[in-house]
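Each remark here refers to the structure printed beneath this line.
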Amino acid sequence: DWRKHCNFERNYELGIWTNYPNNRQKVVKRMQKYLLTGNSGTIGQHMSSFESSQRFDLSSEHEIESWCNKVEIKNKNLVHLAAIVGASQVDKDPEYARKVNVRGSEQLAQIAFSKGVNKFFFASTAHVYKHSSHALSEKTLKIPQNLYAEMKLEAEEKILEIFKFNLHKLVIFRIFSVLDFDSRPGTLGGIIKQAIYEKRQISIKNALDKRDFMTPKTIAQTIEKCVSNDIDGGIY
């Protein structure tokens, strides 16, 4: 559980304890800066401590390479959030979505690895898992539920191949359901907002599912805690 790993839910000030003979002192560390893609997205707009984030087209090999040459990647952390997100958005243009979500992510990871990135953080989705009546974990069987999840899992596999001898440098977040009233159309939050403010009749699929919902802001803050706490490489 990546939230517990980072102690975010305790809402504590990032720091370490140092013991002295007669007192206990907390040494506070600054939030670590990082490189970021997708700063204008649902989660990315809530990220605050990034060092550099410039808009570029992830479907363009040239633009990806150009961005990577403009920033200093060596020994830096790179948080990759940019993507075509959600099944409905992917289904509108699957070919373009694949260029962004799979090929673009693979190329970015490959260049970052070759340039000596400290850690590569990749935002995936928990929809890669099979439906289950039990609580899901990282060991749950992976059967993607839609084309969006298929692409994310394919991207995971390609990035894992790149870092296979340096897995300590790779962190994959399989983020579950995001819910907030500033969510975009097509998301659960957006649909509920339409029902309330536009008085539209809506239909919600899988309404009996039991899920952990997190706001985009909570996810963004948790990711930043993971970066600053130098979370171990792995899938969370």
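As shown in the structure tokens, the chain order sets the letters A, B, ...; within each chain, residues go from 1, and ligands are also counted from 1 in the order they appear.
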Close residues, A:Phe163 itself excluded, 12 Å, only C-alpha atoms, min 4 positions apart in chain, as a list in words: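 Contacts, with the query itself left out: Glu106, Ala109, Gln110, Ile111, Ala112, Phe113, Ser114, Gly116, Val117, Asn118, Lys119, Phe120, Phe121, Glu156, Glu157, Lys158, Ile159, Leu167, His168, Lys169, Leu170, Val171, Ile172, Gly233 and Gly234 of chain A.
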Atoms kept (N, CA and C atoms) for selection, written as a PDB file, in the first residue's frame:
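New file selection_4.pdb:
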ATOM      1  N   GLU A 106       7.318   4.459 -23.419  1.00  0.00           N
ATOM      2  CA  GLU A 106       8.497   3.608 -23.601  1.00  0.00           C
ATOM      3  C   GLU A 106       9.704   4.443 -24.026  1.00  0.00           C
ATOM      4  N   ALA A 109      10.979   6.585 -21.112  1.00  0.00           N
ATOM      5  CA  ALA A 109      11.691   5.753 -20.133  1.00  0.00           C
ATOM      6  C   ALA A 109      13.062   5.340 -20.652  1.00  0.00           C
ATOM      7  N   GLN A 110      13.140   5.003 -21.935  1.00  0.00           N
ATOM      8  CA  GLN A 110      14.405   4.569 -22.529  1.00  0.00           C
ATOM      9  C   GLN A 110      15.435   5.697 -22.492  1.00  0.00           C
ATOM     10  N   ILE A 111      15.012   6.892 -22.874  1.00  0.00           N
ATOM     11  CA  ILE A 111      15.938   8.029 -22.871  1.00  0.00           C
ATOM     12  C   ILE A 111      16.338   8.387 -21.443  1.00  0.00           C
ATOM     13  N   ALA A 112      15.362   8.387 -20.537  1.00  0.00           N
ATOM     14  CA  ALA A 112      15.662   8.709 -19.136  1.00  0.00           C
ATOM     15  C   ALA A 112      16.665   7.726 -18.563  1.00  0.00           C
ATOM     16  N   PHE A 113      16.476   6.440 -18.868  1.00  0.00           N
ATOM     17  CA  PHE A 113      17.402   5.422 -18.379  1.00  0.00           C
ATOM     18  C   PHE A 113      18.799   5.639 -18.940  1.00  0.00           C
ATOM     19  N   SER A 114      18.880   5.914 -20.236  1.00  0.00           N
ATOM     20  CA  SER A 114      20.186   6.097 -20.884  1.00  0.00           C
ATOM     21  C   SER A 114      20.906   7.336 -20.376  1.00  0.00           C
ATOM     22  N   GLY A 116      20.787   8.337 -17.250  1.00  0.00           N
ATOM     23  CA  GLY A 116      21.147   8.180 -15.843  1.00  0.00           C
ATOM     24  C   GLY A 116      20.141   8.723 -14.854  1.00  0.00           C
ATOM     25  N   VAL A 117      18.828   8.577 -15.157  1.00  0.00           N
ATOM     26  CA  VAL A 117      17.798   9.032 -14.227  1.00  0.00           C
ATOM     27  C   VAL A 117      17.982   8.349 -12.874  1.00  0.00           C
ATOM     28  N   ASN A 118      17.706   9.077 -11.798  1.00  0.00           N
ATOM     29  CA  ASN A 118      17.817   8.488 -10.464  1.00  0.00           C
ATOM     30  C   ASN A 118      16.698   7.491 -10.236  1.00  0.00           C
ATOM     31  N   LYS A 119      15.447   7.930 -10.437  1.00  0.00           N
ATOM     32  CA  LYS A 119      14.293   7.033 -10.383  1.00  0.00           C
ATOM     33  C   LYS A 119      13.255   7.504 -11.393  1.00  0.00           C
ATOM     34  N   PHE A 120      12.600   6.539 -12.009  1.00  0.00           N
ATOM     35  CA  PHE A 120      11.538   6.807 -12.979  1.00  0.00           C
ATOM     36  C   PHE A 120      10.228   6.366 -12.347  1.00  0.00           C
ATOM     37  N   PHE A 121       9.315   7.312 -12.128  1.00  0.00           N
ATOM     38  CA  PHE A 121       8.017   7.035 -11.521  1.00  0.00           C
ATOM     39  C   PHE A 121       6.954   7.030 -12.617  1.00  0.00           C
ATOM     40  N   GLU A 156       3.748  -0.717 -18.907  1.00  0.00           N
ATOM     41  CA  GLU A 156       4.465  -1.232 -17.734  1.00  0.00           C
ATOM     42  C   GLU A 156       5.499  -2.276 -18.159  1.00  0.00           C
ATOM     43  N   GLU A 157       5.057  -3.224 -18.982  1.00  0.00           N
ATOM     44  CA  GLU A 157       5.930  -4.330 -19.380  1.00  0.00           C
ATOM     45  C   GLU A 157       7.133  -3.836 -20.181  1.00  0.00           C
ATOM     46  N   LYS A 158       6.903  -2.864 -21.042  1.00  0.00           N
ATOM     47  CA  LYS A 158       8.008  -2.320 -21.841  1.00  0.00           C
ATOM     48  C   LYS A 158       8.990  -1.554 -20.963  1.00  0.00           C
ATOM     49  N   ILE A 159       8.479  -0.805 -20.012  1.00  0.00           N
ATOM     50  CA  ILE A 159       9.347  -0.034 -19.112  1.00  0.00           C
ATOM     51  C   ILE A 159      10.098  -0.970 -18.167  1.00  0.00           C
ATOM     52  N   LEU A 167      16.008  -2.443 -11.370  1.00  0.00           N
ATOM     53  CA  LEU A 167      14.629  -2.274 -10.913  1.00  0.00           C
ATOM     54  C   LEU A 167      14.505  -1.320  -9.725  1.00  0.00           C
ATOM     55  N   HIS A 168      15.619  -1.083  -9.038  1.00  0.00           N
ATOM     56  CA  HIS A 168      15.584  -0.131  -7.931  1.00  0.00           C
ATOM     57  C   HIS A 168      15.359   1.295  -8.425  1.00  0.00           C
ATOM     58  N   LYS A 169      15.501   1.498  -9.736  1.00  0.00           N
ATOM     59  CA  LYS A 169      15.318   2.818 -10.320  1.00  0.00           C
ATOM     60  C   LYS A 169      13.899   3.037 -10.871  1.00  0.00           C
ATOM     61  N   LEU A 170      13.035   2.044 -10.722  1.00  0.00           N
ATOM     62  CA  LEU A 170      11.689   2.133 -11.309  1.00  0.00           C
ATOM     63  C   LEU A 170      10.607   1.960 -10.244  1.00  0.00           C
ATOM     64  N   VAL A 171       9.656   2.894 -10.248  1.00  0.00           N
ATOM     65  CA  VAL A 171       8.492   2.826  -9.365  1.00  0.00           C
ATOM     66  C   VAL A 171       7.240   2.933 -10.224  1.00  0.00           C
ATOM     67  N   ILE A 172       6.343   1.962 -10.095  1.00  0.00           N
ATOM     68  CA  ILE A 172       5.080   1.981 -10.833  1.00  0.00           C
ATOM     69  C   ILE A 172       3.934   2.113  -9.831  1.00  0.00           C
ATOM     70  N   GLY A 233      12.218   0.915  -5.226  1.00  0.00           N
ATOM     71  CA  GLY A 233      11.704   0.542  -6.533  1.00  0.00           C
ATOM     72  C   GLY A 233      10.712  -0.599  -6.403  1.00  0.00           C
ATOM     73  N   GLY A 234       9.673  -0.596  -7.238  1.00  0.00           N
ATOM     74  CA  GLY A 234       8.682  -1.653  -7.180  1.00  0.00           C
ATOM     75  C   GLY A 234       7.355  -1.204  -7.731  1.00  0.00           C
TER      76      GLY A 234
END
Within 12 Å of stretch 98-105 of chain A using only C-alpha atoms, minus same-chain residues under 6 positions, as a ChimeraX atom specification: /A:37-38,56-65,78-86,89-92,111-112,120-125,147-160,162
Those in chain A with helix (DSSP H, G or I) from DSSP, as a ChimeraX atom specification: /A:2-5,8-10,44-46,61-70,87-92,94-114,126-128,147-162,167-169,188-197,216-228
Members of stretch 57-224 of chain A assigned strand (DSSP E) by DSSP, as an NGL selection string: :A and (77-80 or 119-125 or 170-175)
Store the residues picked out above, limited to N, CA, C and O atoms, as a tab-separated table (two decimals), in the first residue's frame.
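Output (out_7.tsv):
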chain	number	residue	atom	x	y	z
A	77	ASN	N	14.96	12.63	-10.34
A	77	ASN	CA	13.76	11.81	-10.37
A	77	ASN	C	12.83	12.35	-11.44
A	77	ASN	O	12.68	13.56	-11.58
A	78	LEU	N	12.20	11.45	-12.19
A	78	LEU	CA	11.27	11.85	-13.24
A	78	LEU	C	9.92	11.20	-12.97
A	78	LEU	O	9.82	9.97	-12.91
A	79	VAL	N	8.89	12.02	-12.79
A	79	VAL	CA	7.53	11.53	-12.54
A	79	VAL	C	6.74	11.65	-13.84
A	79	VAL	O	6.51	12.76	-14.33
A	80	HIS	N	6.34	10.51	-14.40
A	80	HIS	CA	5.65	10.50	-15.69
A	80	HIS	C	4.16	10.27	-15.51
A	80	HIS	O	3.70	9.16	-15.28
A	119	LYS	N	15.45	7.93	-10.44
A	119	LYS	CA	14.29	7.03	-10.38
A	119	LYS	C	13.25	7.50	-11.39
A	119	LYS	O	13.06	8.70	-11.59
A	120	PHE	N	12.60	6.54	-12.01
A	120	PHE	CA	11.54	6.81	-12.98
A	120	PHE	C	10.23	6.37	-12.35
A	120	PHE	O	10.04	5.20	-12.03
A	121	PHE	N	9.32	7.31	-12.13
A	121	PHE	CA	8.02	7.03	-11.52
A	121	PHE	C	6.95	7.03	-12.62
A	121	PHE	O	6.76	8.03	-13.31
A	122	PHE	N	6.26	5.90	-12.77
A	122	PHE	CA	5.28	5.76	-13.84
A	122	PHE	C	3.88	5.57	-13.27
A	122	PHE	O	3.65	4.68	-12.44
A	123	ALA	N	2.94	6.40	-13.72
A	123	ALA	CA	1.55	6.31	-13.26
A	123	ALA	C	0.78	5.33	-14.13
A	123	ALA	O	0.53	5.59	-15.31
A	124	SER	N	0.40	4.21	-13.55
A	124	SER	CA	-0.42	3.22	-14.24
A	124	SER	C	-1.81	3.21	-13.62
A	124	SER	O	-2.22	4.19	-13.00
A	125	THR	N	-2.53	2.13	-13.77
A	125	THR	CA	-3.89	2.06	-13.23
A	125	THR	C	-4.17	0.70	-12.60
A	125	THR	O	-3.65	-0.33	-13.06
A	170	LEU	N	13.03	2.04	-10.72
A	170	LEU	CA	11.69	2.13	-11.31
A	170	LEU	C	10.61	1.96	-10.24
A	170	LEU	O	10.62	1.00	-9.47
A	171	VAL	N	9.66	2.89	-10.25
A	171	VAL	CA	8.49	2.83	-9.37
A	171	VAL	C	7.24	2.93	-10.22
A	171	VAL	O	7.10	3.87	-11.01
A	172	ILE	N	6.34	1.96	-10.09
A	172	ILE	CA	5.08	1.98	-10.83
A	172	ILE	C	3.93	2.11	-9.83
A	172	ILE	O	3.83	1.32	-8.89
A	173	PHE	N	3.10	3.12	-10.04
A	173	PHE	CA	1.92	3.32	-9.20
A	173	PHE	C	0.68	2.86	-9.96
A	173	PHE	O	0.33	3.43	-10.99
A	174	ARG	N	0.02	1.82	-9.47
A	174	ARG	CA	-1.25	1.40	-10.06
A	174	ARG	C	-2.37	2.11	-9.30
A	174	ARG	O	-2.94	1.58	-8.35
A	175	ILE	N	-2.68	3.29	-9.78
A	175	ILE	CA	-3.62	4.17	-9.09
A	175	ILE	C	-5.05	3.69	-9.31
A	175	ILE	O	-5.44	3.35	-10.43
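With distances restricted to only C-alpha atoms, A:Leu188 is the closest residue to A:Ile204 from A:Ala97, A:Ile219, A:Leu136, A:Leu188.
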Counting only C-alpha atoms, the residue of A:Lys205, A:Lys164, A:Thr215, A:Ile235 that sits nearest A:Gly189: A:Thr215
d(atom CA of A:Ala87, atom CA of A:Gly190) in Å: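 Separating atom CA of A:Ala87 from atom CA of A:Gly190 is a distance of 14.3 Å.
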